[in-house]
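The next block is data06.txt, given as compact mmCIF, C-alpha atoms.
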# COMPACT_ATOMS: atom_id res chain seq x y z
CA MET A 1 199.03 209.43 -80.55
CA ARG A 2 199.83 207.03 -77.66
CA PRO A 3 202.40 204.37 -78.27
CA PRO A 4 201.10 200.79 -78.45
CA GLY A 5 200.45 199.25 -75.00
CA ALA A 6 200.26 202.61 -73.20
CA GLU A 7 196.59 202.14 -72.21
CA ARG A 8 197.31 198.66 -70.89
CA ASP A 9 200.22 199.99 -68.77
CA SER A 10 198.02 202.77 -67.43
CA GLY A 11 195.44 200.18 -66.41
CA PHE A 12 198.08 198.18 -64.54
CA VAL A 13 199.28 201.31 -62.75
CA LEU A 14 195.73 202.19 -61.72
CA VAL A 15 195.06 198.69 -60.41
CA ASN A 16 198.32 198.70 -58.45
CA ALA A 17 197.47 202.11 -57.00
CA LEU A 18 194.05 200.88 -55.91
CA VAL A 19 195.61 197.78 -54.30
CA ILE A 20 198.09 199.95 -52.41
CA VAL A 21 195.31 202.31 -51.27
CA ALA A 22 193.21 199.34 -50.10
CA ALA A 23 196.17 197.86 -48.24
CA LEU A 24 196.91 201.17 -46.56
CA ALA A 25 193.25 201.57 -45.62
CA MET A 26 193.24 198.07 -44.14
CA LEU A 27 196.45 198.80 -42.22
CA ALA A 28 194.99 202.03 -40.92
CA THR A 29 191.86 200.18 -39.81
CA VAL A 30 193.93 197.54 -38.00
CA LEU A 31 195.96 200.24 -36.27
CA LEU A 32 192.80 202.09 -35.24
CA VAL A 33 191.24 198.88 -33.90
CA ARG A 34 194.39 198.13 -31.95
CA ALA A 35 194.54 201.66 -30.63
CA GLU A 36 190.90 201.50 -29.58
CA GLY A 37 191.47 198.12 -27.93
CA GLY A 38 194.48 199.50 -26.10
CA ARG A 39 192.47 202.52 -25.00
CA ALA A 40 189.65 200.27 -23.77
CA ARG A 41 192.10 198.09 -21.84
CA LEU A 42 193.69 201.21 -20.35
CA MET A 43 190.30 202.55 -19.27
CA ALA A 44 189.32 199.16 -17.82
CA GLY A 45 192.58 199.06 -15.87
CA LEU A 46 192.02 202.57 -14.55
CA GLU A 47 188.47 201.73 -13.49
CA ALA A 48 189.65 198.53 -11.78
CA ASP A 49 192.24 200.58 -9.88
CA GLN A 50 189.54 203.09 -8.89
CA LEU A 51 187.35 200.26 -7.58
CA THR A 52 190.25 198.86 -5.55
CA LEU A 53 191.00 202.27 -4.06
CA ALA A 54 187.31 202.68 -3.17
CA LEU A 55 187.30 199.33 -1.36
CA ASP A 56 190.52 200.29 0.44
CA ALA A 57 188.89 203.55 1.57
CA PHE A 58 185.84 201.66 2.85
CA ASP A 59 188.10 199.31 4.82
CA ALA A 60 189.85 202.27 6.42
CA LEU A 61 186.49 203.86 7.31
CA ALA A 62 185.19 200.62 8.84
CA GLN A 63 188.37 200.14 10.86
CA THR A 64 188.05 203.71 12.17
CA HIS A 65 184.45 203.02 13.23
CA LEU A 66 185.49 199.84 15.01
CA ALA A 67 188.26 201.67 16.84
CA ARG A 68 185.77 204.26 18.12
CA GLU A 69 182.53 202.32 18.52
CA SER A 70 181.49 199.07 20.15
CA VAL A 71 178.35 198.68 18.01
CA PRO A 72 178.33 194.98 16.99
CA ASP A 73 176.79 195.17 13.51
CA LEU A 74 177.22 198.32 11.47
CA VAL A 75 175.75 199.08 8.03
CA LEU A 76 177.57 202.09 6.62
CA PRO A 77 175.66 204.35 4.21
CA ALA A 78 176.59 204.28 0.53
CA LEU A 79 179.43 206.68 -0.11
CA PRO A 80 179.39 208.53 -3.47
CA LEU A 81 182.24 208.15 -5.94
CA ALA A 82 182.94 210.25 -9.03
CA ARG A 83 180.88 207.88 -11.21
CA GLY A 84 179.42 205.42 -8.73
CA GLU A 85 179.37 204.47 -5.05
CA VAL A 86 180.83 202.15 -2.42
CA ALA A 87 178.84 200.54 0.41
CA GLY A 88 179.06 197.69 2.86
CA GLN A 89 178.71 196.50 6.42
CA VAL A 90 180.63 195.28 9.44
CA THR A 91 179.38 192.12 11.16
CA ASP A 92 180.19 191.02 14.70
CA LEU A 93 181.24 187.40 14.29
CA GLN A 94 181.33 186.54 17.98
CA GLY A 95 177.57 186.81 18.16
CA ARG A 96 177.36 183.71 15.97
CA PHE A 97 177.89 180.04 16.74
CA ASN A 98 181.52 179.16 16.06
CA ILE A 99 181.46 175.86 14.15
CA ASN A 100 185.13 175.32 14.96
CA TRP A 101 184.01 174.52 18.51
CA LEU A 102 182.75 171.27 16.98
CA SER A 103 186.29 170.26 15.98
CA ASP A 104 186.92 169.41 19.63
CA PRO A 105 185.16 166.09 20.43
CA ASP A 106 185.32 166.92 24.14
CA ASN A 107 183.30 170.13 23.76
CA LEU A 108 179.96 168.58 24.71
CA TRP A 109 178.36 171.98 25.34
CA ALA A 110 179.01 173.06 21.74
CA ALA A 111 177.64 169.79 20.37
CA ALA A 112 174.43 170.04 22.42
CA THR A 113 173.98 173.73 21.57
CA PHE A 114 174.43 173.09 17.84
CA GLU A 115 171.86 170.29 17.87
CA ARG A 116 169.33 172.61 19.51
CA LEU A 117 170.08 175.29 16.93
CA LEU A 118 169.37 172.85 14.09
CA ARG A 119 166.07 171.87 15.69
CA GLN A 120 165.03 175.51 15.89
CA LEU A 121 165.78 175.92 12.18
CA ALA A 122 163.87 172.72 11.33
CA LEU A 123 167.00 171.21 9.79
CA PRO A 124 167.76 167.48 9.69
CA PRO A 125 169.42 166.37 12.95
CA GLN A 126 171.95 164.28 11.02
CA ASN A 127 173.47 167.53 9.73
CA ALA A 128 175.01 168.05 13.17
CA GLU A 129 176.86 164.72 13.04
CA GLU A 130 177.92 165.27 9.40
CA ILE A 131 179.42 168.64 10.22
CA ARG A 132 181.16 167.30 13.33
CA ARG A 133 182.77 164.48 11.36
CA PHE A 134 183.78 166.97 8.67
CA LEU A 135 185.57 169.09 11.28
CA GLN A 136 187.18 166.37 13.40
CA PRO A 137 190.39 164.82 11.98
CA GLY A 138 190.01 161.14 11.21
CA ALA A 139 186.28 161.07 11.98
CA MET A 140 185.06 160.84 8.40
CA GLY A 141 184.08 157.38 7.17
CA VAL A 142 185.00 155.69 3.88
CA GLN A 143 181.62 156.39 2.25
CA GLU A 144 181.74 160.07 3.25
CA ARG A 145 185.22 160.45 1.80
CA ALA A 146 184.02 158.76 -1.39
CA ALA A 147 181.30 161.41 -1.76
CA TRP A 148 183.95 164.12 -1.58
CA LEU A 149 186.19 162.33 -4.07
CA ARG A 150 183.30 162.25 -6.58
CA LEU A 151 183.13 166.05 -6.65
CA ASP A 152 184.53 167.98 -9.61
CA PRO A 153 187.29 168.76 -8.79
CA PRO A 154 187.64 165.93 -6.24
CA LEU A 155 188.39 166.89 -2.63
CA ASP A 156 189.69 164.90 0.31
CA PRO A 157 189.09 166.86 3.54
CA LEU A 158 191.46 166.06 6.38
CA GLY A 159 189.29 167.54 9.15
CA GLY A 160 190.12 170.26 11.62
CA PRO A 161 189.06 173.89 12.10
CA LEU A 162 187.91 175.83 9.04
CA LEU A 163 189.15 179.17 7.75
CA SER A 164 185.64 180.22 6.73
CA ALA A 165 182.16 178.87 7.34
CA ASP A 166 181.65 179.22 3.57
CA GLN A 167 183.56 175.95 3.23
CA LEU A 168 180.48 174.11 4.49
CA ALA A 169 178.73 174.96 1.22
CA ASP A 170 180.53 171.99 -0.40
CA LEU A 171 179.55 169.49 2.30
CA PRO A 172 177.76 166.69 0.36
CA GLY A 173 175.33 165.89 3.18
CA LEU A 174 174.26 169.53 3.69
CA SER A 175 171.56 170.60 1.25
CA PRO A 176 171.62 174.12 -0.25
CA ARG A 177 168.43 174.88 1.72
CA SER A 178 170.00 173.82 4.99
CA TYR A 179 173.19 175.76 4.28
CA THR A 180 171.22 178.91 3.38
CA ARG A 181 169.26 178.79 6.63
CA LEU A 182 172.26 177.98 8.79
CA ARG A 183 174.90 180.29 7.27
CA PRO A 184 173.75 183.64 8.82
CA LEU A 185 174.02 182.15 12.33
CA ILE A 186 177.45 180.51 12.17
CA THR A 187 181.05 181.57 11.78
CA ALA A 188 184.53 180.00 11.79
CA LEU A 189 186.91 181.50 14.31
CA SER A 190 189.64 180.33 16.62
CA ALA A 191 188.31 177.42 18.66
CA ASP A 192 189.06 179.27 21.91
CA SER A 193 186.83 182.25 21.03
CA ARG A 194 183.79 183.00 23.20
CA LEU A 195 180.18 183.82 22.38
CA ASN A 196 179.23 187.49 22.83
CA VAL A 197 175.91 187.52 24.70
CA ASN A 198 175.44 191.21 23.85
CA SER A 199 175.36 190.59 20.10
CA ALA A 200 174.08 187.01 19.76
CA PRO A 201 170.71 186.92 17.92
CA PRO A 202 167.65 185.39 19.62
CA GLU A 203 168.13 182.07 17.78
CA ILE A 204 171.57 181.63 19.33
CA LEU A 205 170.39 182.71 22.77
CA MET A 206 167.55 180.22 22.56
CA ALA A 207 170.03 177.46 21.72
CA ILE A 208 172.27 178.22 24.71
CA LEU A 209 169.30 178.81 27.06
CA PRO A 210 167.00 175.84 26.34
CA ASP A 211 165.19 176.06 29.70
CA LEU A 212 164.35 179.77 29.47
CA PRO A 213 160.67 180.35 28.48
CA PRO A 214 160.12 182.32 25.25
CA ALA A 215 158.51 185.24 27.12
CA ALA A 216 161.52 185.48 29.45
CA LEU A 217 163.89 185.31 26.49
CA ALA A 218 161.99 188.15 24.78
CA ARG A 219 162.29 190.27 27.92
CA LEU A 220 166.01 189.51 28.13
CA VAL A 221 166.55 190.59 24.50
CA ALA A 222 164.51 193.76 25.03
CA ALA A 223 166.46 194.66 28.17
CA ARG A 224 169.74 194.03 26.36
CA ALA A 225 168.69 196.43 23.59
CA GLN A 226 168.16 199.16 26.18
CA GLU A 227 171.40 198.51 28.04
CA PRO A 228 174.00 195.85 27.11
CA PHE A 229 175.12 193.48 29.83
CA VAL A 230 178.08 194.82 31.79
CA SER A 231 179.37 191.35 32.68
CA VAL A 232 178.83 187.68 31.92
CA GLU A 233 177.61 187.24 35.49
CA ALA A 234 174.92 189.87 34.92
CA PHE A 235 173.77 187.99 31.83
CA LEU A 236 173.59 184.66 33.64
CA ILE A 237 171.57 186.21 36.45
CA ALA A 238 169.16 187.81 33.95
CA ALA A 239 168.88 184.44 32.19
CA ARG A 240 168.05 182.73 35.51
CA LEU A 241 171.28 180.74 35.41
CA GLU A 242 172.80 181.64 38.75
CA ALA A 243 173.55 177.94 39.13
CA ALA A 244 176.09 178.24 36.30
CA LEU A 245 178.12 180.52 38.54
CA ASP A 246 178.12 177.83 41.21
CA GLU A 247 179.11 175.23 38.59
CA GLU A 248 182.08 177.42 37.67
CA ALA A 249 183.25 177.35 41.28
CA GLU A 250 183.29 173.55 41.28
CA GLU A 251 186.45 171.67 40.36
CA ASP A 252 184.73 169.49 37.73
CA PRO A 253 181.69 171.31 36.31
CA GLU A 254 179.32 169.41 34.03
CA PRO A 255 180.92 169.67 30.52
CA ALA A 256 177.60 169.79 28.65
CA LEU A 257 176.26 172.75 30.67
CA LEU A 258 176.71 176.42 29.91
CA SER A 259 179.73 177.92 31.67
CA PRO A 260 180.88 181.55 32.07
CA ASP A 261 184.13 180.52 30.37
CA GLN A 262 182.20 180.09 27.11
CA LEU A 263 180.76 183.63 27.11
CA THR A 264 181.90 187.23 26.80
CA ILE A 265 180.35 190.70 26.59
CA HIS A 266 182.88 192.11 24.08
CA SER A 267 183.89 191.07 20.58
CA ALA A 268 187.29 190.88 18.96
CA TRP A 269 186.40 189.30 15.59
CA PHE A 270 184.56 191.14 12.80
CA ARG A 271 183.83 190.66 9.13
CA ILE A 272 183.76 193.41 6.50
CA ASP A 273 181.74 192.98 3.28
CA SER A 274 181.85 195.81 0.76
CA GLU A 275 181.05 196.52 -2.88
CA ALA A 276 182.18 199.37 -5.12
CA ARG A 277 180.34 200.29 -8.33
CA LEU A 278 181.23 202.50 -11.26
CA GLN A 279 179.20 203.05 -14.40
CA ARG A 280 180.22 199.82 -16.11
CA MET A 281 182.10 197.82 -13.51
CA SER A 282 181.89 196.61 -9.92
CA ALA A 283 184.12 194.83 -7.39
CA ARG A 284 183.44 193.07 -4.07
CA ARG A 285 185.57 192.37 -1.03
CA SER A 286 185.27 190.33 2.16
CA GLY A 287 187.71 190.31 5.04
CA ILE A 288 188.18 189.39 8.69
CA LEU A 289 189.38 191.86 11.31
CA PHE A 290 190.71 191.22 14.80
CA ARG A 291 190.44 193.91 17.49
CA GLN A 292 192.48 193.23 20.60
CA SER A 293 190.46 195.63 22.74
CA SER A 294 187.90 198.43 22.47
CA GLY A 295 189.47 201.68 21.35
CA ARG A 296 192.22 199.98 19.36
CA ARG A 297 192.34 199.88 15.59
CA PRO A 298 191.63 196.32 14.39
CA GLU A 299 194.13 194.29 12.38
CA GLN A 300 193.44 192.64 9.01
CA VAL A 301 193.54 188.83 9.32
CA TRP A 302 192.58 187.84 5.79
CA GLN A 303 190.94 189.44 2.78
CA VAL A 304 189.52 188.33 -0.58
CA THR A 305 188.68 190.73 -3.44
CA TRP A 306 186.65 189.91 -6.52
CA ARG A 307 187.68 192.32 -9.28
CA PRO A 308 186.23 192.73 -12.80

Output the structure of this file as structure tokens.
Amino acid sequence: MRPPGAERDSGFVLVNALVIVAALAMLATVLLVRAEGGRARLMAGLEADQLTLALDAFDALAQTHLARESVPDLVLPALPLARGEVAGQVTDLQGRFNINWLSDPDNLWAAATFERLLRQLALPPQNAEEIRRFLQPGAMGVQERAAWLRLDPPLDPLGGPLLSADQLADLPGLSPRSYTRLRPLITALSADSRLNVNSAPPEILMAILPDLPPAALARLVAARAQEPFVSVEAFLIAARLEAALDEEAEEDPEPALLSPDQLTIHSAWFRIDSEARLQRMSARRSGILFRQSSGRRPEQVWQVTWRP
């Protein structure tokens, strides 16, 4: 026979045991969740490192190509990874119009060329003046500065050459449509860089050769595809601009006219855009390379990576 109160004590013991078991189960669950979270973070970190290494490898491959080849634009095939791929392209920036030429108010040739380019693209002519004022220190008016100060976050541009043509995307007077049409044809390089006539697209050639008939321009582009120009002089002769060579010989050539000093047949500035993908993650990278001469490995000027 059990002593009085024994059943009640047994009930308390059972309840306490169940509470302890529940607490231990909860603790075990918390520890498992934390362990799983730590494992997931570890795997994400490893995958991010793999993506970075893949982008580094693509950069090295592109630099090797540029050291060996003079091909202006190069789309490299997708390279397989263990659980994904990496792909990208190299773009010759000196075939584009350098908007930093517009930061010099005395560069009348650049201003006239840019206006012709906008007309070809059916863009508002006032965009040319807005971009020039944006680039030239002290040229922006009070109302234009007020438009920038109303942005979120507010900006107050000082003027001067840009690091990237992407900065024009925030220009209040430039519509997204205009920016989208203009962006593939422009770049932002050192203001003393020259236009490569061997890699400039037809739109740029048309802007610098306003008096050349379309049929003659088409023949010039076709001939260039067969054999690139061996000199700036050869290009000017093919473009029926022998007079530009005479202008160069003069002491004070007309500043708004095309001059051999504004052209080149080789490029030193290139852009690399690449993307690496794994099963669940991806990363992108853009960078600028400078190649001092053909046959030399280019140097990295700047680089931006977007990681997961």

Within 7 Å of stretch 269-281 of chain A, counting only C-alpha atoms, which residues show up once you throw out same-chain ones fewer than 6 positions away? Write them as an mmCIF file with C-alpha atoms, keeping the file's coordinate frame, please.
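Output contents, as saved in out-v5.cif:
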data_model
loop_
_atom_site.group_PDB
_atom_site.id
_atom_site.type_symbol
_atom_site.label_atom_id
_atom_site.label_comp_id
_atom_site.auth_asym_id
_atom_site.auth_seq_id
_atom_site.Cartn_x
_atom_site.Cartn_y
_atom_site.Cartn_z
ATOM 1 C CA LEU A 51 187.350 200.260 -7.580
ATOM 2 C CA ALA A 54 187.310 202.680 -3.170
ATOM 3 C CA LEU A 55 187.300 199.330 -1.360
ATOM 4 C CA ARG A 83 180.880 207.880 -11.210
ATOM 5 C CA GLY A 84 179.420 205.420 -8.730
ATOM 6 C CA GLU A 85 179.370 204.470 -5.050
ATOM 7 C CA VAL A 86 180.830 202.150 -2.420
ATOM 8 C CA ALA A 87 178.840 200.540 0.410
ATOM 9 C CA GLY A 88 179.060 197.690 2.860
ATOM 10 C CA GLN A 89 178.710 196.500 6.420
ATOM 11 C CA VAL A 90 180.630 195.280 9.440
ATOM 12 C CA THR A 91 179.380 192.120 11.160
ATOM 13 C CA ASP A 92 180.190 191.020 14.700
ATOM 14 C CA LEU A 93 181.240 187.400 14.290
ATOM 15 C CA GLN A 94 181.330 186.540 17.980
ATOM 16 C CA GLY A 287 187.710 190.310 5.040
ATOM 17 C CA ILE A 288 188.180 189.390 8.690
ATOM 18 C CA LEU A 289 189.380 191.860 11.310
ATOM 19 C CA PHE A 290 190.710 191.220 14.800
ATOM 20 C CA ARG A 291 190.440 193.910 17.490
ATOM 21 C CA PRO A 308 186.230 192.730 -12.800
#

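For the pair atom CA of A:Trp101 and atom CA of A:Pro125, the separation is 17.6 Å.
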
Pairwise distance for atom CA of A:Leu158 and atom CA of A:Ser103, rounded to one decimal in Å: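 Taking atom CA of A:Leu158 as the start and atom CA of A:Ser103 as the end point, the length is 11.7 Å.
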
Atomic separation - atom CA of A:Ala112 relative to atom CA of A:Asn100, Å: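 These two atoms are separated by 14.1 Å.
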
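Proximity ranking of A:Leu212, A:Ile265, A:Leu81, A:Val142 relative to A:Phe229 places A:Ile265 first, based on only C-alpha atoms.
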
Set the distance at 10 Å and use all atoms listed in the file: which residues neighbour stretch 171-177 of chain A once local chain neighbours fewer than 6 positions away are removed? I'd like the list as a PyMOL selection string. chain A and resi 123-124+126-128+130-131+134+144-145+147-148+150-151+157

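Of the listed residues (A:Ala57, A:Leu263, A:Ala215, A:Leu46), A:Leu263 comes nearest to A:Ala200; the distances count all atoms listed in the file.
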
Which residue gives the smallest distance to A:Ala238 among A:Arg133, A:Val304, A:Val197, A:Glu203, with only C-alpha atoms counted?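 Among the listed residues, the smallest separation from A:Ala238 belongs to A:Val197.
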